[in-house]
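For reference, query28.cif (mmCIF, N, CA and C atoms and all ligand atoms):
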```
data_start
loop_
_atom_site.label_atom_id
_atom_site.label_comp_id
_atom_site.auth_asym_id
_atom_site.auth_seq_id
_atom_site.Cartn_x
_atom_site.Cartn_y
_atom_site.Cartn_z
N MET A 1 -0.94 2.02 13.64
CA MET A 1 -0.16 0.75 13.61
C MET A 1 0.75 0.73 12.37
N SER A 2 1.78 -0.09 12.45
CA SER A 2 2.81 -0.06 11.41
C SER A 2 2.39 -0.72 10.10
N ARG A 3 3.00 -0.18 9.03
CA ARG A 3 2.84 -0.79 7.70
C ARG A 3 4.10 -1.61 7.42
N ILE A 4 3.91 -2.86 7.07
CA ILE A 4 5.03 -3.79 6.86
C ILE A 4 5.17 -4.07 5.37
N ILE A 5 6.42 -4.14 4.90
CA ILE A 5 6.65 -4.54 3.51
C ILE A 5 7.61 -5.73 3.48
N THR A 6 7.37 -6.65 2.56
CA THR A 6 8.30 -7.76 2.34
C THR A 6 8.33 -8.05 0.85
N PHE A 7 9.35 -8.81 0.43
CA PHE A 7 9.54 -9.10 -0.99
C PHE A 7 9.86 -10.57 -1.20
N GLY A 8 9.51 -11.08 -2.35
CA GLY A 8 9.90 -12.46 -2.67
C GLY A 8 9.23 -12.93 -3.94
N THR A 9 9.64 -14.11 -4.39
CA THR A 9 9.03 -14.72 -5.58
C THR A 9 7.76 -15.47 -5.18
N PHE A 10 7.83 -16.14 -4.03
CA PHE A 10 6.70 -16.92 -3.51
C PHE A 10 6.16 -17.88 -4.57
N ASP A 11 7.08 -18.59 -5.23
CA ASP A 11 6.70 -19.55 -6.27
C ASP A 11 6.41 -20.90 -5.61
N VAL A 12 5.38 -21.60 -6.04
CA VAL A 12 4.97 -22.88 -5.44
C VAL A 12 4.89 -22.67 -3.91
N LEU A 13 3.94 -21.85 -3.52
CA LEU A 13 3.81 -21.41 -2.12
C LEU A 13 3.90 -22.58 -1.15
N HIS A 14 4.72 -22.44 -0.12
CA HIS A 14 4.89 -23.53 0.85
C HIS A 14 4.90 -22.98 2.27
N ILE A 15 5.05 -23.87 3.25
CA ILE A 15 4.91 -23.49 4.66
C ILE A 15 5.96 -22.44 5.10
N GLY A 16 7.15 -22.47 4.49
CA GLY A 16 8.17 -21.47 4.82
C GLY A 16 7.68 -20.07 4.44
N HIS A 17 7.06 -19.95 3.26
CA HIS A 17 6.52 -18.66 2.83
C HIS A 17 5.39 -18.21 3.78
N ILE A 18 4.49 -19.13 4.09
CA ILE A 18 3.34 -18.79 4.94
C ILE A 18 3.81 -18.30 6.30
N ARG A 19 4.76 -19.00 6.90
CA ARG A 19 5.24 -18.59 8.24
C ARG A 19 5.92 -17.22 8.18
N LEU A 20 6.71 -16.99 7.13
CA LEU A 20 7.38 -15.69 6.98
C LEU A 20 6.33 -14.59 6.88
N LEU A 21 5.30 -14.79 6.07
CA LEU A 21 4.28 -13.76 5.87
C LEU A 21 3.48 -13.51 7.16
N LYS A 22 3.12 -14.60 7.86
CA LYS A 22 2.37 -14.44 9.11
C LYS A 22 3.18 -13.69 10.16
N ARG A 23 4.47 -14.05 10.27
CA ARG A 23 5.32 -13.38 11.26
C ARG A 23 5.52 -11.92 10.87
N ALA A 24 5.65 -11.66 9.55
CA ALA A 24 5.80 -10.27 9.08
C ALA A 24 4.56 -9.48 9.48
N LYS A 25 3.37 -10.04 9.25
CA LYS A 25 2.13 -9.33 9.57
C LYS A 25 2.04 -9.02 11.06
N SER A 26 2.61 -9.89 11.90
CA SER A 26 2.49 -9.70 13.35
C SER A 26 3.25 -8.46 13.84
N PHE A 27 4.09 -7.86 12.97
CA PHE A 27 4.81 -6.64 13.34
C PHE A 27 3.95 -5.39 13.20
N GLY A 28 2.77 -5.51 12.54
CA GLY A 28 1.96 -4.31 12.33
C GLY A 28 0.54 -4.67 11.95
N SER A 29 -0.10 -3.73 11.23
CA SER A 29 -1.51 -3.94 10.90
C SER A 29 -1.74 -4.09 9.41
N HIS A 30 -0.74 -3.76 8.59
CA HIS A 30 -0.95 -3.77 7.14
C HIS A 30 0.29 -4.40 6.48
N LEU A 31 0.07 -5.51 5.77
CA LEU A 31 1.21 -6.21 5.14
C LEU A 31 1.15 -6.05 3.62
N ILE A 32 2.24 -5.49 3.08
CA ILE A 32 2.35 -5.24 1.63
C ILE A 32 3.44 -6.18 1.10
N VAL A 33 3.13 -6.91 0.02
CA VAL A 33 4.09 -7.89 -0.51
C VAL A 33 4.50 -7.50 -1.92
N GLY A 34 5.80 -7.28 -2.12
CA GLY A 34 6.37 -7.05 -3.45
C GLY A 34 6.70 -8.41 -4.05
N VAL A 35 6.03 -8.75 -5.13
CA VAL A 35 6.17 -10.08 -5.74
C VAL A 35 7.08 -9.96 -6.97
N SER A 36 8.17 -10.73 -6.97
CA SER A 36 9.15 -10.61 -8.05
C SER A 36 8.54 -10.94 -9.40
N SER A 37 8.87 -10.13 -10.40
CA SER A 37 8.42 -10.43 -11.77
C SER A 37 9.10 -11.72 -12.24
N ASP A 38 8.55 -12.31 -13.29
CA ASP A 38 9.14 -13.54 -13.84
C ASP A 38 10.59 -13.27 -14.27
N GLU A 39 10.82 -12.11 -14.89
CA GLU A 39 12.18 -11.76 -15.36
C GLU A 39 13.14 -11.61 -14.18
N LEU A 40 12.67 -10.98 -13.08
CA LEU A 40 13.55 -10.83 -11.91
C LEU A 40 13.89 -12.19 -11.33
N ASN A 41 12.93 -13.12 -11.33
CA ASN A 41 13.24 -14.45 -10.80
C ASN A 41 14.30 -15.15 -11.65
N VAL A 42 14.21 -14.98 -12.98
CA VAL A 42 15.23 -15.58 -13.86
C VAL A 42 16.60 -15.01 -13.49
N SER A 43 16.66 -13.70 -13.27
CA SER A 43 17.97 -13.11 -12.96
C SER A 43 18.46 -13.52 -11.58
N LYS A 44 17.55 -13.74 -10.60
CA LYS A 44 17.98 -14.14 -9.25
C LYS A 44 18.34 -15.61 -9.20
N LYS A 45 17.51 -16.47 -9.85
CA LYS A 45 17.62 -17.92 -9.62
C LYS A 45 17.99 -18.71 -10.86
N GLY A 46 18.09 -18.02 -12.00
CA GLY A 46 18.52 -18.70 -13.21
C GLY A 46 17.45 -19.60 -13.82
N ARG A 47 16.21 -19.47 -13.38
CA ARG A 47 15.12 -20.22 -14.01
C ARG A 47 13.81 -19.44 -13.90
N ALA A 48 12.91 -19.76 -14.85
CA ALA A 48 11.59 -19.12 -14.77
C ALA A 48 10.83 -19.72 -13.61
N PRO A 49 9.96 -18.96 -12.98
CA PRO A 49 9.15 -19.55 -11.91
C PRO A 49 8.18 -20.58 -12.48
N VAL A 50 7.75 -21.52 -11.63
CA VAL A 50 6.76 -22.51 -12.06
C VAL A 50 5.43 -21.79 -12.32
N TYR A 51 5.01 -20.95 -11.38
CA TYR A 51 3.76 -20.20 -11.54
C TYR A 51 4.08 -18.80 -12.06
N PRO A 52 3.40 -18.38 -13.15
CA PRO A 52 3.67 -17.04 -13.67
C PRO A 52 3.22 -15.95 -12.70
N LEU A 53 3.73 -14.75 -12.96
CA LEU A 53 3.48 -13.61 -12.06
C LEU A 53 2.01 -13.43 -11.70
N ASN A 54 1.12 -13.45 -12.70
CA ASN A 54 -0.29 -13.18 -12.41
C ASN A 54 -0.88 -14.20 -11.45
N SER A 55 -0.48 -15.46 -11.58
CA SER A 55 -0.96 -16.49 -10.66
C SER A 55 -0.41 -16.24 -9.27
N ARG A 56 0.89 -15.90 -9.16
CA ARG A 56 1.49 -15.67 -7.84
C ARG A 56 0.86 -14.46 -7.16
N LEU A 57 0.56 -13.41 -7.95
CA LEU A 57 -0.12 -12.23 -7.38
C LEU A 57 -1.50 -12.62 -6.85
N GLU A 58 -2.23 -13.43 -7.62
CA GLU A 58 -3.59 -13.81 -7.21
C GLU A 58 -3.56 -14.69 -5.96
N ILE A 59 -2.61 -15.63 -5.92
CA ILE A 59 -2.50 -16.52 -4.74
C ILE A 59 -2.19 -15.68 -3.49
N LEU A 60 -1.19 -14.81 -3.60
CA LEU A 60 -0.77 -14.04 -2.41
C LEU A 60 -1.87 -13.09 -1.95
N SER A 61 -2.55 -12.46 -2.90
CA SER A 61 -3.58 -11.49 -2.49
C SER A 61 -4.81 -12.19 -1.92
N SER A 62 -4.89 -13.52 -2.07
CA SER A 62 -6.00 -14.28 -1.49
C SER A 62 -5.77 -14.65 -0.02
N LEU A 63 -4.53 -14.43 0.48
CA LEU A 63 -4.23 -14.80 1.87
C LEU A 63 -4.78 -13.74 2.81
N ARG A 64 -5.38 -14.18 3.93
CA ARG A 64 -6.06 -13.21 4.79
C ARG A 64 -5.09 -12.27 5.50
N PHE A 65 -3.82 -12.69 5.66
CA PHE A 65 -2.87 -11.81 6.35
C PHE A 65 -2.08 -10.93 5.38
N VAL A 66 -2.39 -10.99 4.07
CA VAL A 66 -1.76 -10.10 3.08
C VAL A 66 -2.78 -9.03 2.69
N ASP A 67 -2.37 -7.76 2.81
CA ASP A 67 -3.32 -6.67 2.53
C ASP A 67 -3.16 -6.09 1.13
N ASP A 68 -1.93 -6.03 0.62
CA ASP A 68 -1.68 -5.47 -0.72
C ASP A 68 -0.54 -6.22 -1.38
N VAL A 69 -0.61 -6.32 -2.70
CA VAL A 69 0.51 -6.89 -3.45
C VAL A 69 0.87 -5.92 -4.58
N PHE A 70 2.14 -5.95 -4.98
CA PHE A 70 2.56 -5.20 -6.16
C PHE A 70 3.73 -5.95 -6.79
N VAL A 71 4.11 -5.55 -8.01
CA VAL A 71 5.17 -6.26 -8.72
C VAL A 71 6.53 -5.67 -8.38
N GLU A 72 7.47 -6.53 -7.98
CA GLU A 72 8.86 -6.10 -7.75
C GLU A 72 9.64 -6.37 -9.04
N ASP A 73 10.05 -5.28 -9.72
CA ASP A 73 10.74 -5.44 -11.01
C ASP A 73 12.26 -5.51 -10.86
N SER A 74 12.77 -4.98 -9.75
CA SER A 74 14.23 -4.94 -9.59
C SER A 74 14.59 -4.97 -8.11
N LEU A 75 15.68 -5.66 -7.79
CA LEU A 75 16.17 -5.70 -6.41
C LEU A 75 16.67 -4.33 -5.96
N GLU A 76 17.03 -3.50 -6.94
CA GLU A 76 17.66 -2.20 -6.64
C GLU A 76 16.64 -1.10 -6.34
N LEU A 77 15.35 -1.39 -6.44
CA LEU A 77 14.34 -0.34 -6.29
C LEU A 77 13.69 -0.32 -4.91
N LYS A 78 14.29 -1.03 -3.95
CA LYS A 78 13.62 -1.18 -2.65
C LYS A 78 13.32 0.16 -1.97
N ALA A 79 14.28 1.12 -2.05
CA ALA A 79 14.05 2.41 -1.39
C ALA A 79 12.81 3.08 -1.98
N GLU A 80 12.67 3.01 -3.32
CA GLU A 80 11.51 3.63 -3.98
C GLU A 80 10.22 2.93 -3.54
N TYR A 81 10.26 1.58 -3.48
CA TYR A 81 9.06 0.83 -3.08
C TYR A 81 8.68 1.17 -1.62
N ILE A 82 9.68 1.29 -0.77
CA ILE A 82 9.42 1.60 0.65
C ILE A 82 8.76 2.98 0.76
N LYS A 83 9.30 3.93 -0.01
CA LYS A 83 8.75 5.30 0.05
C LYS A 83 7.34 5.33 -0.53
N SER A 84 7.15 4.68 -1.69
CA SER A 84 5.84 4.80 -2.36
C SER A 84 4.73 4.08 -1.60
N THR A 85 5.09 3.08 -0.79
CA THR A 85 4.06 2.36 -0.02
C THR A 85 3.95 2.89 1.42
N ASN A 86 4.82 3.86 1.78
CA ASN A 86 4.83 4.39 3.16
C ASN A 86 5.09 3.30 4.19
N ALA A 87 5.97 2.37 3.87
CA ALA A 87 6.24 1.26 4.78
C ALA A 87 7.09 1.72 5.97
N ASP A 88 6.80 1.17 7.15
CA ASP A 88 7.56 1.49 8.36
C ASP A 88 8.62 0.44 8.66
N ILE A 89 8.35 -0.81 8.25
CA ILE A 89 9.27 -1.92 8.57
C ILE A 89 9.42 -2.82 7.35
N LEU A 90 10.66 -3.12 7.00
CA LEU A 90 10.94 -4.12 5.95
C LEU A 90 11.28 -5.43 6.64
N VAL A 91 10.58 -6.49 6.30
CA VAL A 91 10.85 -7.81 6.89
C VAL A 91 11.33 -8.74 5.79
N MET A 92 12.46 -9.43 6.03
CA MET A 92 12.98 -10.41 5.06
C MET A 92 13.47 -11.65 5.81
N GLY A 93 13.52 -12.77 5.13
CA GLY A 93 14.11 -13.98 5.70
C GLY A 93 15.61 -13.80 5.85
N ASP A 94 16.20 -14.57 6.77
CA ASP A 94 17.62 -14.32 7.08
C ASP A 94 18.59 -14.88 6.04
N ASP A 95 18.06 -15.45 4.95
CA ASP A 95 18.96 -15.74 3.82
C ASP A 95 19.42 -14.42 3.19
N TRP A 96 18.74 -13.33 3.50
CA TRP A 96 19.10 -12.00 3.00
C TRP A 96 19.78 -11.16 4.09
N GLN A 97 20.18 -11.81 5.20
CA GLN A 97 20.78 -11.10 6.35
C GLN A 97 21.85 -10.09 5.91
N GLY A 98 21.69 -8.83 6.33
CA GLY A 98 22.69 -7.81 6.05
C GLY A 98 22.54 -7.13 4.70
N ARG A 99 21.86 -7.80 3.75
CA ARG A 99 21.82 -7.28 2.37
C ARG A 99 21.03 -5.98 2.24
N PHE A 100 20.13 -5.73 3.17
CA PHE A 100 19.27 -4.55 3.03
C PHE A 100 19.45 -3.57 4.19
N ASP A 101 20.57 -3.70 4.91
CA ASP A 101 20.81 -2.83 6.07
C ASP A 101 20.83 -1.35 5.68
N HIS A 102 21.27 -1.04 4.46
CA HIS A 102 21.34 0.36 4.03
C HIS A 102 19.95 1.02 3.97
N LEU A 103 18.89 0.18 3.96
CA LEU A 103 17.53 0.74 3.88
C LEU A 103 17.02 1.22 5.24
N ASN A 104 17.82 1.01 6.30
CA ASN A 104 17.49 1.54 7.63
C ASN A 104 17.27 3.05 7.61
N GLU A 105 17.82 3.68 6.59
CA GLU A 105 17.63 5.12 6.39
C GLU A 105 16.14 5.46 6.13
N TYR A 106 15.43 4.50 5.54
CA TYR A 106 14.03 4.75 5.14
C TYR A 106 13.01 4.09 6.08
N CYS A 107 13.39 2.95 6.66
CA CYS A 107 12.46 2.23 7.55
C CYS A 107 13.29 1.27 8.40
N LYS A 108 12.63 0.67 9.40
CA LYS A 108 13.31 -0.35 10.21
C LYS A 108 13.47 -1.61 9.35
N VAL A 109 14.60 -2.30 9.47
CA VAL A 109 14.84 -3.52 8.69
C VAL A 109 14.96 -4.70 9.64
N VAL A 110 14.14 -5.73 9.43
CA VAL A 110 14.12 -6.90 10.32
C VAL A 110 14.33 -8.16 9.48
N TYR A 111 15.23 -9.05 9.93
CA TYR A 111 15.42 -10.34 9.27
C TYR A 111 14.89 -11.44 10.20
N LEU A 112 14.10 -12.34 9.64
CA LEU A 112 13.54 -13.43 10.44
C LEU A 112 14.16 -14.76 10.05
N PRO A 113 14.33 -15.67 10.99
CA PRO A 113 14.91 -16.97 10.65
C PRO A 113 14.04 -17.71 9.63
N ARG A 114 14.69 -18.30 8.63
CA ARG A 114 13.95 -19.11 7.65
C ARG A 114 13.42 -20.38 8.30
N THR A 115 12.33 -20.89 7.77
CA THR A 115 11.86 -22.21 8.18
C THR A 115 12.81 -23.25 7.59
N PRO A 116 13.37 -24.13 8.44
CA PRO A 116 14.34 -25.10 7.91
C PRO A 116 13.71 -26.17 7.01
N SER A 117 14.52 -26.75 6.15
CA SER A 117 14.17 -27.97 5.39
C SER A 117 13.03 -27.84 4.40
N ILE A 118 12.78 -26.62 3.92
CA ILE A 118 11.78 -26.50 2.84
C ILE A 118 12.18 -25.34 1.92
N SER A 119 12.13 -25.61 0.63
CA SER A 119 12.35 -24.54 -0.35
C SER A 119 11.65 -24.95 -1.64
N THR A 120 11.33 -23.95 -2.48
CA THR A 120 10.69 -24.23 -3.76
C THR A 120 11.58 -25.15 -4.61
N THR A 121 12.89 -24.90 -4.58
CA THR A 121 13.82 -25.72 -5.37
C THR A 121 13.72 -27.18 -4.94
N GLU A 122 13.67 -27.42 -3.61
CA GLU A 122 13.56 -28.81 -3.13
C GLU A 122 12.23 -29.44 -3.54
N VAL A 123 11.15 -28.66 -3.46
CA VAL A 123 9.83 -29.18 -3.85
C VAL A 123 9.87 -29.58 -5.34
N ILE A 124 10.45 -28.73 -6.18
CA ILE A 124 10.55 -29.04 -7.62
C ILE A 124 11.33 -30.35 -7.81
N GLU A 125 12.44 -30.51 -7.08
CA GLU A 125 13.27 -31.73 -7.21
C GLU A 125 12.48 -32.97 -6.79
N ILE A 126 11.74 -32.86 -5.67
CA ILE A 126 10.97 -34.01 -5.17
C ILE A 126 9.92 -34.42 -6.21
N ILE A 127 9.24 -33.44 -6.80
CA ILE A 127 8.20 -33.76 -7.79
C ILE A 127 8.83 -34.38 -9.03
N LYS A 128 9.98 -33.84 -9.45
CA LYS A 128 10.69 -34.38 -10.62
C LYS A 128 11.04 -35.84 -10.43
N GLU A 129 11.49 -36.19 -9.20
CA GLU A 129 11.98 -37.55 -8.93
C GLU A 129 10.85 -38.55 -8.72
N SER A 130 9.62 -38.06 -8.46
CA SER A 130 8.56 -39.01 -8.11
C SER A 130 7.86 -39.56 -9.37
N1 LIG A 201 11.48 -18.17 3.32
C1 LIG A 201 11.50 -18.66 4.63
N2 LIG A 201 11.70 -20.01 4.83
C2 LIG A 201 11.86 -20.84 3.78
C3 LIG A 201 11.83 -20.36 2.47
C4 LIG A 201 11.64 -18.98 2.25
O1 LIG A 201 11.36 -17.91 5.61
N3 LIG A 201 12.08 -22.16 4.03
C5 LIG A 201 11.32 -16.71 3.12
C6 LIG A 201 12.51 -16.08 2.41
O2 LIG A 201 13.56 -15.85 3.33
C7 LIG A 201 11.91 -14.80 1.85
C8 LIG A 201 10.45 -15.22 1.58
O3 LIG A 201 10.22 -16.44 2.27
O4 LIG A 201 11.93 -13.76 2.84
C9 LIG A 201 10.21 -15.43 0.10
O5 LIG A 201 11.11 -16.42 -0.36
P1 LIG A 201 11.49 -16.48 -1.91
O6 LIG A 201 10.27 -16.52 -2.73
O7 LIG A 201 12.53 -17.55 -2.09
O8 LIG A 201 12.14 -15.05 -2.07
P2 LIG A 201 13.35 -14.66 -2.98
O9 LIG A 201 13.14 -15.22 -4.37
O10 LIG A 201 14.61 -14.92 -2.25
O11 LIG A 201 13.11 -13.10 -3.17
O12 LIG A 201 13.97 -8.57 -2.98
C10 LIG A 201 14.24 -9.77 -2.35
C11 LIG A 201 13.77 -10.89 -3.08
O13 LIG A 201 12.81 -10.58 -4.04
C12 LIG A 201 13.49 -12.12 -2.26
#
```
As structure tokens, the full file:
Amino acid sequence: MSRIITFGTFDVLHIGHIRLLKRAKSFGSHLIVGVSSDELNVSKKGRAPVYPLNSRLEILSSLRFVDDVFVEDSLELKAEYIKSTNADILVMGDDWQGRFDHLNEYCKVVYLPRTPSISTTEVIEIIKES
């Protein structure tokens, strides 16, 4: 059965993250999650994550449909991560549509529709305003 890889910050875990991970797992038997380092999140989103890397790794590795986690230090290292984990399929949300097509050389690349109306940024805003 296939080995699936996906990447993300997964900060303040919410239903959009859970659905993405569950759907990713349904493509195979082993789901590997590359979790963005705190520094990578600052460079992607311009802010530190609410939960530090070690907490996010522990939360994700506690999910029954996640089999392995590792630290994603750079967006540019995906080919190396795919090779070192022997992944067959890369799954990403469609906010990244087209961005990783060049990795088809190493594995199948699949984009899944995002869950509408939920994001970590919105959750942070709602908590700030309450
Ligand atoms: N996601 C989703 N629906 C949402 C929010 C997020 O399906 N409402 C998906 C995203 O598309 C992504 C995954 O959940 O595939 C993780 O989301 P983020 O933590 O926001 O990931 P991001 O910081 O964009 O990191 O190398 C790529 C990156 O590291 C992805």
Self-check item: Given 8 Å and all atoms listed in the file, residues near ligand LIG 201 (chain A) as a count of residues only
Solution: 45
Quiz prompt | Residues of segment 41-115 of chain A in helix (DSSP H, G or I), written as a ChimeraX atom specification | solution = /A:41-45,53-61,75-85,94-96,101-105
Self-check item: Residues flagged strand (DSSP E or B) by DSSP in chain A, as a VMD selection string
Solution: chain A and resid 3 to 8 30 to 36 68 to 72 89 to 93 108 to 112
Practice problem: Could you please determine the separation between atom CA of Asn86 of chain A and atom CA of Glu105 of chain A in Å, to one decimal place? | Solution: 13.2 Å
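Between atom CA of Ser2 of chain A and atom CA of Ser29 of chain A the separation is 5.8 Å.
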Exercise. Please measure the separation of atom N of Val71 of chain A and atom CA of Leu53 of chain A, giving the value in Å to one decimal.
Key: 9.0 Å
